Amino acid sequence: MRPFPTRDGRAPSPAPTQPPAPPKPKALALLDLLERQVGAELGTLREGAQPLLDEVRQGLVVLEPPGDGMLPSPQEQEKLRAKLSATLEEAEDVLEALQLAARASGQGSS
């Protein structure tokens with residue numbers, strides 16, 4: 001069914017579309033990529049690292065709030081960055097251990 005023309009004979013304008021979603025902050029996009037790689041590498045063992053990756057995601061969202069979200073105070077940002085750094089270091093250790101376990105058991109890709 002074709003839309004009816006307007007009174008002056010012009011074709012009606014197309015229905016308004018929703019604006020595209022704002023792009024993810026770069027750090028969150030990188031974390032998404034990391035999570036996909038972890039899943040491909042570790043298979044089901046990735047569940048061992050997921051709580052830490054979730055904690056990293058939460059920290060990144062607070063430090064880079066989507067849209068017009070409010071940033072924490074500079075002092076709070078410093079504390080959050082220190083906590084995020086510690087969580088990333090812990091996640092690195094856990095991922096290395098899980099990678100060794102995956103290789104030893106033959107899970108995931110080598």
# chains A, B, ... in the order shown; residues from 1 in each chain; ligands from 1
$ residues_around --residues "region 57-61 of chain A" --least-positions-apart "4" --cutoff "8 Å" --atoms "only C-alpha atoms" --output "list of chain:residue names"
A:Ala27, A:Leu28, A:Leu31, A:Leu53, A:Pro65, A:Pro66, A:Leu80, A:Arg81, A:Leu84
$ closest_residue --among "A:Arg36, A:Lys26, A:Arg46, A:Lys83" --to "Ala97 (chain A)" --atoms "only C-alpha atoms"
A:Arg46
$ closest_residue --among "A:Val56, A:Ala49, A:Ala40, A:Leu71" --to "Ala86 (chain A)" --atoms "only C-alpha atoms"
A:Val56
$ closest_residue --among "A:Ser73, A:Ala101, A:Gly67, A:Leu95" --to "Val38 (chain A)" --atoms "only C-alpha atoms"
A:Leu95
$ select_by_dssp --residues "region 22-103 of chain A" --states "alpha helix (DSSP H)" --output "PyMOL selection string"
chain A and resi 26-42+50-63+74-103
$ atom_distance --atom1 "CA of Gln50 (chain A)" --atom2 "CA of Ala102 (chain A)"
15.3 Å
$ closest_residue --among "A:Ala29, A:Val62, A:Gln77, A:Leu34" --to "Glu92 (chain A)" --atoms "only C-alpha atoms"
A:Leu34
$ atom_distance --atom1 "CA of Arg103 (chain A)" --atom2 "CA of Leu33 (chain A)"
21.1 Å
$ closest_residue --among "A:Leu63, A:Leu88, A:Leu100, A:Leu52" --to "Glu76 (chain A)" --atoms "only C-alpha atoms"
A:Leu63
$ atom_distance --atom1 "CA of Thr44 (chain A)" --atom2 "CA of Ala91 (chain A)"
16.3 Å
